[in-house]
>>> print(open('target_8.cif').read())   # mmCIF, C-alpha atoms
data_work
#
loop_
_atom_site.label_atom_id
_atom_site.label_comp_id
_atom_site.auth_asym_id
_atom_site.auth_seq_id
_atom_site.Cartn_x
_atom_site.Cartn_y
_atom_site.Cartn_z
CA MET A 231 31.58 -33.56 -4.04
CA ALA A 232 28.94 -30.84 -4.15
CA ASP A 233 29.61 -27.69 -2.15
CA THR A 234 26.78 -27.53 0.38
CA GLN A 235 28.10 -24.50 2.30
CA LYS A 236 25.55 -21.67 2.26
CA PRO A 237 26.83 -18.30 0.98
CA GLU A 238 27.49 -15.82 3.78
CA LYS A 239 24.73 -13.26 4.33
CA ARG A 240 25.54 -9.63 4.99
CA GLY A 241 23.45 -9.52 8.16
CA GLU A 242 20.18 -10.52 9.77
CA PRO A 243 17.36 -9.32 7.50
CA ALA A 244 14.87 -8.84 10.35
CA VAL A 245 17.36 -6.76 12.34
CA ALA A 246 18.16 -4.57 9.32
CA LEU A 247 14.45 -4.08 8.66
CA LEU A 248 13.52 -3.22 12.25
CA LEU A 249 16.45 -0.85 12.66
CA THR A 250 15.41 0.98 9.48
CA TRP A 251 11.83 1.16 10.70
CA PHE A 252 12.89 2.92 13.89
CA LEU A 253 15.56 5.11 12.32
CA PRO A 254 15.98 5.59 8.54
CA GLY A 255 19.46 4.44 7.52
CA ALA A 256 20.16 2.51 10.74
CA GLY A 257 19.67 -0.83 8.99
CA HIS A 258 22.14 0.10 6.28
CA LEU A 259 24.62 1.28 8.90
CA TYR A 260 24.28 -2.16 10.52
CA LEU A 261 25.03 -3.71 7.11
CA GLY A 262 28.16 -1.55 6.70
CA ARG A 263 26.68 0.81 4.07
CA THR A 264 27.67 4.00 5.89
CA VAL A 265 27.37 6.51 3.03
CA PHE A 266 24.06 5.07 1.83
CA ALA A 267 22.78 5.10 5.43
CA ALA A 268 23.66 8.78 5.87
CA ALA A 269 22.04 9.72 2.55
CA ALA A 270 18.91 7.71 3.34
CA PHE A 271 18.62 9.30 6.78
CA LEU A 272 18.99 12.79 5.34
CA VAL A 273 16.42 12.32 2.57
CA VAL A 274 13.72 10.65 4.68
CA GLU A 275 14.12 12.91 7.68
CA SER A 276 14.26 16.03 5.49
CA PHE A 277 10.83 15.15 4.12
CA PHE A 278 9.59 14.48 7.63
CA VAL A 279 11.00 17.61 9.28
CA LEU A 280 9.89 19.89 6.45
CA GLY A 281 6.41 18.38 6.65
CA LEU A 282 6.37 18.86 10.39
CA VAL A 283 7.42 22.51 10.06
CA LEU A 284 4.77 23.23 7.40
CA THR A 285 1.98 21.62 9.46
CA ASP A 286 3.20 22.90 12.84
CA GLY A 287 3.01 19.24 13.88
CA ARG A 288 -0.80 19.36 13.62
CA THR A 289 -1.45 16.50 11.17
CA PHE A 290 -3.11 14.32 13.80
CA GLU A 291 -5.41 17.16 14.81
CA PHE A 292 -7.44 15.95 11.81
CA LEU A 293 -8.53 13.01 13.95
CA ASP A 294 -11.83 13.39 15.77
CA PRO A 295 -11.26 13.79 19.52
CA GLU A 296 -12.94 10.46 20.29
CA LEU A 297 -10.55 8.64 17.93
CA ARG A 298 -7.37 10.01 19.49
CA GLY A 299 -5.43 7.36 21.39
CA PRO A 300 -2.10 5.50 21.56
CA LEU A 301 -2.82 3.34 18.50
CA ALA A 302 -4.78 5.90 16.47
CA THR A 303 -1.82 6.69 14.20
CA VAL A 304 -0.83 3.10 13.42
CA LEU A 305 -2.91 3.05 10.22
CA THR A 306 -1.24 6.09 8.68
CA PRO A 307 1.56 6.31 6.11
CA GLU A 308 3.65 8.12 8.74
CA ALA A 309 3.86 4.83 10.66
CA GLY A 310 6.41 3.71 8.05
CA ASN A 311 8.85 6.08 9.75
CA LEU A 312 8.21 4.88 13.28
CA GLY A 313 10.92 6.92 15.00
CA GLY A 314 9.61 10.11 13.42
CA LEU A 315 6.02 9.25 14.26
CA LEU A 316 6.83 8.59 17.92
CA TRP A 317 8.84 11.80 18.11
CA GLN A 318 5.96 13.76 16.59
CA LEU A 319 3.47 12.27 19.04
CA GLN A 320 5.82 12.98 21.94
CA LYS A 321 6.43 16.59 20.89
CA HIS A 322 3.12 17.67 19.37
CA GLY A 323 0.61 14.99 20.40
CA PHE A 324 -2.71 15.48 18.61
CA GLY A 325 -2.29 19.21 18.15
CA ALA A 326 -3.68 22.19 19.96
CA GLU A 327 -6.49 21.92 22.53
CA ILE A 328 -8.34 24.83 20.95
CA PRO A 329 -8.97 24.50 17.19
CA GLY A 330 -7.45 27.23 15.05
CA PRO A 331 -6.95 27.96 11.36
CA TRP A 332 -4.67 25.53 9.54
CA PRO A 333 -1.21 26.73 8.44
CA PRO A 334 -1.13 27.88 4.77
CA PHE A 335 0.80 24.82 3.52
CA MET A 336 -0.99 22.21 5.59
CA MET A 337 -1.77 19.92 2.63
CA LEU A 338 1.83 19.97 1.37
CA GLY A 339 3.10 19.37 4.90
CA THR A 340 0.90 16.33 5.47
CA TRP A 341 1.98 14.91 2.10
CA LEU A 342 5.66 15.31 3.03
CA CYS A 343 5.20 13.58 6.40
CA ALA A 344 3.27 10.76 4.72
CA LEU A 345 5.91 10.50 1.98
CA SER A 346 8.67 10.14 4.57
CA GLY A 347 6.86 7.07 5.91
CA LEU A 348 6.45 5.59 2.47
CA LEU A 349 10.07 6.26 1.52
CA ASN A 350 11.17 4.55 4.70
CA VAL A 351 9.09 1.48 3.80
CA CYS A 352 11.05 1.32 0.52
CA LEU A 353 14.26 1.64 2.56
CA MET A 354 13.11 -1.21 4.80
CA VAL A 355 12.63 -3.41 1.73
CA HIS A 356 16.07 -2.35 0.49
CA ALA A 357 17.74 -3.14 3.83
CA HIS A 358 15.99 -6.52 4.06
CA VAL A 359 17.09 -7.56 0.56
CA GLU A 360 20.61 -6.22 1.09
CA ALA A 361 20.96 -8.30 4.25
CA ARG A 362 19.94 -11.44 2.35
CA THR A 363 22.25 -10.75 -0.59
CA PRO A 364 25.37 -12.95 -0.27
CA ARG A 365 28.68 -11.12 0.08
CA GLY A 366 30.28 -10.53 -3.28
CA HIS A 367 26.99 -11.07 -5.14
CA ALA A 368 26.07 -8.26 -7.49
CA GLY A 369 22.28 -7.99 -7.71
CA GLN A 370 20.69 -8.12 -11.16
CA GLY A 371 18.58 -5.22 -12.37
CA LEU A 372 16.98 -2.56 -10.22
CA SER A 373 16.65 -3.12 -6.49
CA PRO A 374 13.27 -4.57 -5.40
CA ALA A 375 12.78 -1.40 -3.33
CA ALA A 376 12.86 0.65 -6.54
CA TYR A 377 10.11 -1.50 -8.06
CA VAL A 378 8.01 -1.08 -4.91
CA GLY A 379 8.47 2.70 -5.13
CA LEU A 380 7.59 2.77 -8.83
CA THR A 381 4.44 0.71 -8.23
CA TRP A 382 3.39 3.05 -5.45
CA LEU A 383 4.03 6.07 -7.68
CA VAL A 384 1.85 4.78 -10.52
CA PRO A 385 0.06 1.44 -10.10
CA GLY A 386 1.42 -0.95 -12.73
CA LEU A 387 4.62 1.02 -13.41
CA GLY A 388 6.78 -1.49 -11.52
CA HIS A 389 5.35 -4.35 -13.60
CA PHE A 390 5.99 -2.33 -16.75
CA PHE A 391 9.67 -1.82 -15.85
CA GLN A 392 9.97 -5.52 -15.06
CA GLY A 393 8.86 -6.28 -18.61
CA ARG A 394 5.46 -7.62 -17.45
CA ARG A 395 3.55 -5.18 -19.61
CA LEU A 396 0.19 -6.94 -19.86
CA ARG A 397 -0.02 -7.23 -16.08
CA GLY A 398 1.13 -3.64 -15.67
CA ALA A 399 -1.58 -2.42 -18.02
CA VAL A 400 -4.30 -4.43 -16.24
CA VAL A 401 -3.15 -3.21 -12.80
CA PHE A 402 -3.02 0.41 -14.00
CA LEU A 403 -6.44 0.35 -15.65
CA LEU A 404 -8.03 -1.47 -12.74
CA LEU A 405 -6.62 0.55 -9.85
CA VAL A 406 -6.53 3.99 -11.44
CA GLY A 407 -9.96 3.27 -12.91
CA PHE A 408 -11.37 2.35 -9.50
CA PHE A 409 -9.79 5.40 -7.91
CA ALA A 410 -11.31 7.66 -10.58
CA TRP A 411 -14.69 5.92 -10.33
CA GLY A 412 -14.66 6.27 -6.54
CA THR A 413 -13.72 9.93 -6.75
CA TRP A 414 -16.54 10.53 -9.23
CA LEU A 415 -19.10 8.73 -7.03
CA ALA A 416 -17.92 10.64 -3.95
CA GLU A 417 -17.91 13.89 -5.98
CA GLY A 418 -14.34 14.55 -4.85
CA SER A 419 -15.24 14.50 -1.16
CA ASN A 420 -12.71 11.70 -0.64
CA LEU A 421 -9.83 14.01 -1.55
CA SER A 422 -9.34 15.47 1.90
CA ARG A 423 -7.38 14.06 4.79
CA GLU A 424 -9.17 16.37 7.16
CA ARG A 425 -12.57 14.97 6.17
CA HIS A 426 -11.71 11.27 5.87
CA PHE A 427 -8.49 10.66 7.82
CA TYR A 428 -8.26 6.86 7.51
CA TYR A 429 -9.76 6.51 4.02
CA TRP A 430 -7.22 9.08 2.88
CA SER A 431 -4.43 6.89 4.28
CA GLY A 432 -5.70 4.02 2.14
CA GLN A 433 -6.03 6.02 -1.06
CA PHE A 434 -2.61 7.62 -0.53
CA LEU A 435 -1.23 4.17 -1.38
CA ALA A 436 -2.50 4.71 -4.95
CA GLY A 437 0.35 7.21 -5.31
CA LEU A 438 0.50 9.94 -7.89
CA PRO A 439 -3.09 9.61 -9.18
CA ALA A 440 -4.37 10.27 -5.64
CA MET A 441 -2.00 13.15 -4.98
CA VAL A 442 -2.55 14.86 -8.33
CA SER A 443 -6.34 14.53 -7.97
CA GLU A 444 -6.22 16.04 -4.49
CA PHE A 445 -4.01 18.88 -5.66
CA LEU A 446 -6.16 19.68 -8.68
CA SER A 447 -9.49 19.32 -6.90
CA GLY A 448 -8.68 21.86 -4.20
CA ARG A 449 -10.71 19.70 -1.81
CA PRO A 450 -14.22 20.55 -3.04
CA ARG A 451 -16.97 21.39 -0.58
CA VAL A 452 -19.86 19.05 -0.03
CA THR A 453 -22.92 20.99 -1.18
CA GLY A 454 -25.61 18.35 -1.44
CA GLU A 455 -26.60 14.78 -0.87
CA MET A 456 -24.36 12.11 -2.42
CA PRO A 457 -26.37 8.91 -2.80
CA LEU A 458 -23.28 6.79 -3.45
CA GLY A 459 -20.71 8.88 -1.59
CA ASP A 460 -19.80 6.10 0.82
CA VAL A 461 -19.31 3.64 -2.01
CA GLY A 462 -17.05 6.13 -3.78
CA LEU A 463 -15.01 6.59 -0.64
CA LEU A 464 -14.63 2.81 -0.34
CA PHE A 465 -13.65 2.39 -4.01
CA ALA A 466 -10.94 5.06 -3.84
CA CYS A 467 -9.55 3.60 -0.62
CA MET A 468 -9.64 0.04 -2.00
CA ALA A 469 -7.69 1.16 -5.08
CA GLY A 470 -4.85 2.21 -2.77
CA LEU A 471 -5.07 -0.89 -0.59
CA LEU A 472 -5.07 -3.21 -3.61
CA ASN A 473 -1.96 -1.43 -4.83
CA VAL A 474 -0.20 -2.99 -1.82
CA LEU A 475 -0.82 -6.40 -3.44
CA ALA A 476 0.70 -5.04 -6.65
CA MET A 477 3.74 -3.80 -4.68
CA LEU A 478 4.16 -7.22 -3.04
CA ASP A 479 3.86 -8.88 -6.45
CA VAL A 480 6.62 -6.78 -8.05
CA CYS A 481 8.75 -7.09 -4.94
CA GLY A 482 8.57 -10.91 -4.95
CA VAL A 483 9.61 -11.17 -8.59
CA ALA A 484 12.29 -8.48 -8.25
CA GLU A 485 13.78 -10.22 -5.20
CA LYS A 486 14.16 -13.49 -7.08
CA ARG A 487 15.77 -11.75 -10.02
CA TRP A 488 18.04 -9.74 -7.72
CA LEU A 489 19.19 -12.84 -5.85
CA GLY A 490 19.50 -14.88 -9.05
CA LEU A 491 16.76 -17.35 -8.04
CA PRO A 492 14.39 -18.95 -10.59
CA THR A 493 11.24 -16.83 -11.02
CA GLU A 494 9.11 -19.69 -12.32
CA PRO A 495 8.47 -22.95 -10.45
CA ALA A 496 10.76 -25.75 -11.68
CA ALA A 497 9.17 -27.57 -14.60
CA LYS A 498 8.45 -31.25 -14.10
CA LYS A 499 11.05 -33.50 -15.65
CA PRO A 500 9.66 -35.38 -18.64
CA GLU A 501 9.05 -39.02 -17.84
CA PRO A 502 11.47 -41.31 -19.62
CA ALA A 503 10.08 -43.38 -22.46
CA GLY A 504 9.10 -46.90 -21.36
CA GLY A 505 11.78 -48.90 -23.21
CA GLU A 506 14.68 -46.70 -22.17
CA ALA A 507 13.75 -46.37 -18.51
CA GLY A 508 16.04 -47.71 -15.84
CA ALA A 509 19.04 -47.89 -18.09
CA MET B 251 -35.18 -2.60 -4.95
CA THR B 252 -33.20 -0.48 -7.44
CA GLN B 253 -30.88 0.57 -4.64
CA LEU B 254 -30.24 -3.05 -3.65
CA LEU B 255 -29.48 -3.95 -7.25
CA THR B 256 -27.14 -0.96 -7.65
CA HIS B 257 -25.22 -1.82 -4.49
CA THR B 258 -25.02 -5.49 -5.46
CA LEU B 259 -23.59 -4.59 -8.87
CA LEU B 260 -21.08 -2.22 -7.28
CA PHE B 261 -20.08 -4.97 -4.86
CA VAL B 262 -19.60 -7.42 -7.74
CA ALA B 263 -17.41 -4.87 -9.53
CA LEU B 264 -15.22 -4.36 -6.46
CA SER B 265 -15.08 -8.13 -5.94
CA ALA B 266 -13.75 -8.51 -9.47
CA ALA B 267 -10.94 -6.04 -8.72
CA ILE B 268 -10.07 -7.84 -5.48
CA VAL B 269 -10.01 -11.21 -7.24
CA VAL B 270 -7.84 -9.95 -10.12
CA MET B 271 -5.28 -8.42 -7.76
CA ALA B 272 -5.28 -11.43 -5.44
CA SER B 273 -4.80 -13.72 -8.42
CA PHE B 274 -1.87 -11.63 -9.68
CA TYR B 275 -0.33 -11.67 -6.22
CA SER B 276 -0.71 -15.46 -5.95
CA ASP B 277 0.80 -16.32 -9.29
CA PRO B 278 3.58 -14.50 -11.13
CA ASP B 279 2.68 -16.26 -14.38
CA ASP B 280 0.06 -14.26 -16.29
CA ALA B 281 -1.50 -17.23 -18.07
CA VAL B 282 -1.96 -19.21 -14.81
CA ALA B 283 -3.29 -16.13 -12.99
CA PHE B 284 -5.86 -15.35 -15.70
CA ARG B 285 -6.95 -19.01 -15.87
CA ALA B 286 -7.55 -19.10 -12.10
CA MET B 287 -9.65 -15.92 -12.02
CA PRO B 288 -13.14 -17.27 -12.87
CA ARG B 289 -12.98 -19.97 -10.19
CA ARG B 290 -11.57 -17.54 -7.63
CA PHE B 291 -14.31 -15.06 -8.48
CA VAL B 292 -17.08 -17.61 -7.93
CA VAL B 293 -15.51 -18.81 -4.66
CA PHE B 294 -15.17 -15.20 -3.46
CA LEU B 295 -18.78 -14.31 -4.29
CA VAL B 296 -20.20 -17.50 -2.77
CA SER B 297 -18.10 -17.00 0.39
CA CYS B 298 -19.27 -13.40 0.73
CA GLY B 299 -22.85 -14.56 0.17
CA ILE B 300 -22.51 -17.09 3.00
CA VAL B 301 -21.06 -14.44 5.35
CA ALA B 302 -23.87 -12.02 4.42
CA ALA B 303 -26.50 -14.72 5.04
CA ILE B 304 -25.02 -15.54 8.46
CA MET B 305 -24.92 -11.83 9.37
CA LEU B 306 -28.54 -11.30 8.30
CA LEU B 307 -29.61 -14.39 10.22
CA ALA B 308 -27.73 -13.24 13.34
CA GLU B 309 -29.25 -9.79 13.05
CA HIS B 310 -32.74 -11.23 12.60
CA LEU B 311 -32.34 -13.56 15.61
CA PHE B 312 -30.43 -11.38 18.07
CA ALA B 313 -30.56 -7.74 17.07
CA SER B 314 -33.91 -7.21 15.41
CA VAL B 315 -35.89 -4.30 16.83
CA ASP B 316 -39.21 -5.52 15.41
#
>>> encode(input="target_8.cif", output="structure tokens")
Amino acid sequence: MADTQKPEKRGEPAVALLLTWFLPGAGHLYLGRTVFAAAAFLVVESFFVLGLVLTDGRTFEFLDPELRGPLATVLTPEAGNLGGLLWQLQKHGFGAEIPGPWPPFMMLGTWLCALSGLLNVCLMVHAHVEARTPRGHAGQGLSPAAYVGLTWLVPGLGHFFQGRRLRGAVVFLLLVGFFAWGTWLAEGSNLSRERHFYYWSGQFLAGLPAMVSEFLSGRPRVTGEMPLGDVGLLFACMAGLLNVLAMLDVCGVAEKRWLGLPTEPAAKKPEPAGGEAGA
Amino acid sequence: MTQLLTHTLLFVALSAAIVVMASFYSDPDDAVAFRAMPRRFVVFLVSCGIVAAIMLLAEHLFASVD
């Protein structure tokens, strides 16, 4: 008789995910991974606190006054670390009433805060998959969270590490190409969170290419008319947003491999030859 | 006229990127994903064309300042 009993899960995936969202490591603590939870908390919150110190908590001062409101920060990478974001809003709000010069390491600080959110998203994926992994089951290959992180870092890199090299190459050329094209059309004006707060959040999802470009460009000044500046801004932002689809793609395949599920749909059984059918 | 053509071509280029990524997301098999792209691309462009036509019509009927 076939064994129909489902293997025991380690916990509720949604609970693990939500706990991690509010507090990095909390989901892993719920799953009994105490050491991992402590390490995860330390890493994510170190990024966040260091970023907060370097920016004096003034990241959201970039927002125009008319855009400031309770939901204004939802579409930022920092929202991945919800507990940190709420704490920042509670403590610093949208910055000082009177504008002043930015701290010397403002750009680095905003990157670190944004990175803490993105790292926590990877942790949320990790906690969700861990919760669904049956007890005693050793996952195969890298964790899906690692593939998501690699794909964020360089679009296509996660596919490459999964052995899907053609797809990885297409994703890389397409997304990095669009980011570069957009940056060229916008004459580098897109590479500033202060100037384009929400578009920056989108292009940050293109990972290293966006960060390196911003670092090297030194946020160039706008000195003349840019006929296709808006299109460039859109292209660079879309490159980041489309990288989310790439992350979901690698995550789906990695999850199946990790859990030992078939990655391809089951092939149709060949129909039996007429004479031998119904034997 | 040149500006309209330029923007249309840029839109078609971005549409191609959206369709390629959506196709990859929908199907983990490369061969199936590549095969589905031309049809998806046409459907995407036609759908966008319909939305644009409806928006232009609505603007002409309800928001025109002429």
>>> resolve_selection(input="target_8.cif", expression="the PyMOL selection byres ((chain B and resi 287-290) around 12)", output="mmCIF file with C-alpha atoms, in the coordinates of the input")
data_model
loop_
_atom_site.group_PDB
_atom_site.id
_atom_site.type_symbol
_atom_site.label_atom_id
_atom_site.label_comp_id
_atom_site.auth_asym_id
_atom_site.auth_seq_id
_atom_site.Cartn_x
_atom_site.Cartn_y
_atom_site.Cartn_z
ATOM 1 C CA SER B 265 -15.080 -8.130 -5.940
ATOM 2 C CA ALA B 266 -13.750 -8.510 -9.470
ATOM 3 C CA ALA B 267 -10.940 -6.040 -8.720
ATOM 4 C CA ILE B 268 -10.070 -7.840 -5.480
ATOM 5 C CA VAL B 269 -10.010 -11.210 -7.240
ATOM 6 C CA VAL B 270 -7.840 -9.950 -10.120
ATOM 7 C CA MET B 271 -5.280 -8.420 -7.760
ATOM 8 C CA ALA B 272 -5.280 -11.430 -5.440
ATOM 9 C CA SER B 273 -4.800 -13.720 -8.420
ATOM 10 C CA PHE B 274 -1.870 -11.630 -9.680
ATOM 11 C CA TYR B 275 -0.330 -11.670 -6.220
ATOM 12 C CA SER B 276 -0.710 -15.460 -5.950
ATOM 13 C CA ASP B 277 0.800 -16.320 -9.290
ATOM 14 C CA ASP B 280 0.060 -14.260 -16.290
ATOM 15 C CA ALA B 281 -1.500 -17.230 -18.070
ATOM 16 C CA VAL B 282 -1.960 -19.210 -14.810
ATOM 17 C CA ALA B 283 -3.290 -16.130 -12.990
ATOM 18 C CA PHE B 284 -5.860 -15.350 -15.700
ATOM 19 C CA ARG B 285 -6.950 -19.010 -15.870
ATOM 20 C CA ALA B 286 -7.550 -19.100 -12.100
ATOM 21 C CA PHE B 291 -14.310 -15.060 -8.480
ATOM 22 C CA VAL B 292 -17.080 -17.610 -7.930
ATOM 23 C CA VAL B 293 -15.510 -18.810 -4.660
ATOM 24 C CA PHE B 294 -15.170 -15.200 -3.460
ATOM 25 C CA LEU B 295 -18.780 -14.310 -4.290
ATOM 26 C CA VAL B 296 -20.200 -17.500 -2.770
ATOM 27 C CA SER B 297 -18.100 -17.000 0.390
#
>>> residues_near_point(input="target_8.cif", point="(-7.9, 20.4, -1.0)", cutoff="10 Å", atoms="all atoms listed in the file", output="PDB file with C-alpha atoms, in the frame of the given file")
ATOM      1  CA  MET A 336      -0.990  22.210   5.590  1.00  0.00           C
ATOM      2  CA  MET A 337      -1.770  19.920   2.630  1.00  0.00           C
ATOM      3  CA  GLY A 418     -14.340  14.550  -4.850  1.00  0.00           C
ATOM      4  CA  SER A 419     -15.240  14.500  -1.160  1.00  0.00           C
ATOM      5  CA  ASN A 420     -12.710  11.700  -0.640  1.00  0.00           C
ATOM      6  CA  LEU A 421      -9.830  14.010  -1.550  1.00  0.00           C
ATOM      7  CA  SER A 422      -9.340  15.470   1.900  1.00  0.00           C
ATOM      8  CA  ARG A 423      -7.380  14.060   4.790  1.00  0.00           C
ATOM      9  CA  GLU A 424      -9.170  16.370   7.160  1.00  0.00           C
ATOM     10  CA  SER A 443      -6.340  14.530  -7.970  1.00  0.00           C
ATOM     11  CA  GLU A 444      -6.220  16.040  -4.490  1.00  0.00           C
ATOM     12  CA  PHE A 445      -4.010  18.880  -5.660  1.00  0.00           C
ATOM     13  CA  LEU A 446      -6.160  19.680  -8.680  1.00  0.00           C
ATOM     14  CA  SER A 447      -9.490  19.320  -6.900  1.00  0.00           C
ATOM     15  CA  GLY A 448      -8.680  21.860  -4.200  1.00  0.00           C
ATOM     16  CA  ARG A 449     -10.710  19.700  -1.810  1.00  0.00           C
ATOM     17  CA  PRO A 450     -14.220  20.550  -3.040  1.00  0.00           C
ATOM     18  CA  ARG A 451     -16.970  21.390  -0.580  1.00  0.00           C
TER      19      ARG A 451
END
>>> residues_around(input="target_8.cif", residues="Thr381 of chain A", least_positions_apart="6", cutoff="12 Å", atoms="only C-alpha atoms", output="PyMOL selection string")
chain A and resi 348+352+374-375+387-392+398-399+401-402+405-406+435-439+470+472-481
>>> atom_distance(input="target_8.cif", atom1="atom CA of Gly287 of chain A", atom2="atom CA of His322 of chain A")
5.7 Å
>>> atom_distance(input="target_8.cif", atom1="atom CA of Glu238 of chain A", atom2="atom CA of Val483 of chain A")
22.2 Å
>>> atom_distance(input="target_8.cif", atom1="atom CA of Phe324 of chain A", atom2="atom CA of Leu383 of chain A")
28.7 Å
>>> build_atoms(input="target_8.cif", residues="segment 289-303 of chain B", atoms="N, CA and C atoms", output="compact mmCIF listing (two decimals), in the coordinates of the input")
# COMPACT_ATOMS: atom_id res chain seq x y z
N ARG B 289 -12.69 -19.12 -11.35
CA ARG B 289 -12.98 -19.97 -10.19
C ARG B 289 -12.84 -19.16 -8.90
N ARG B 290 -11.78 -18.38 -8.81
CA ARG B 290 -11.57 -17.54 -7.63
C ARG B 290 -12.74 -16.58 -7.42
N PHE B 291 -13.23 -16.04 -8.53
CA PHE B 291 -14.31 -15.06 -8.48
C PHE B 291 -15.58 -15.71 -7.91
N VAL B 292 -15.88 -16.90 -8.42
CA VAL B 292 -17.08 -17.61 -7.93
C VAL B 292 -16.92 -17.94 -6.45
N VAL B 293 -15.74 -18.45 -6.07
CA VAL B 293 -15.51 -18.81 -4.66
C VAL B 293 -15.65 -17.57 -3.77
N PHE B 294 -15.10 -16.44 -4.23
CA PHE B 294 -15.17 -15.20 -3.46
C PHE B 294 -16.63 -14.76 -3.27
N LEU B 295 -17.38 -14.77 -4.38
CA LEU B 295 -18.78 -14.31 -4.29
C LEU B 295 -19.62 -15.24 -3.41
N VAL B 296 -19.43 -16.54 -3.57
CA VAL B 296 -20.20 -17.50 -2.77
C VAL B 296 -19.84 -17.34 -1.29
N SER B 297 -18.54 -17.18 -1.00
CA SER B 297 -18.10 -17.00 0.39
C SER B 297 -18.71 -15.74 1.00
N CYS B 298 -18.68 -14.65 0.23
CA CYS B 298 -19.27 -13.40 0.73
C CYS B 298 -20.77 -13.56 0.95
N GLY B 299 -21.42 -14.30 0.04
CA GLY B 299 -22.85 -14.56 0.17
C GLY B 299 -23.16 -15.32 1.45
N ILE B 300 -22.31 -16.30 1.77
CA ILE B 300 -22.51 -17.09 3.00
C ILE B 300 -22.34 -16.19 4.23
N VAL B 301 -21.29 -15.35 4.21
CA VAL B 301 -21.06 -14.44 5.35
C VAL B 301 -22.25 -13.48 5.50
N ALA B 302 -22.73 -12.95 4.37
CA ALA B 302 -23.87 -12.02 4.42
C ALA B 302 -25.11 -12.72 4.98
N ALA B 303 -25.34 -13.98 4.55
CA ALA B 303 -26.50 -14.72 5.04
C ALA B 303 -26.40 -14.95 6.55
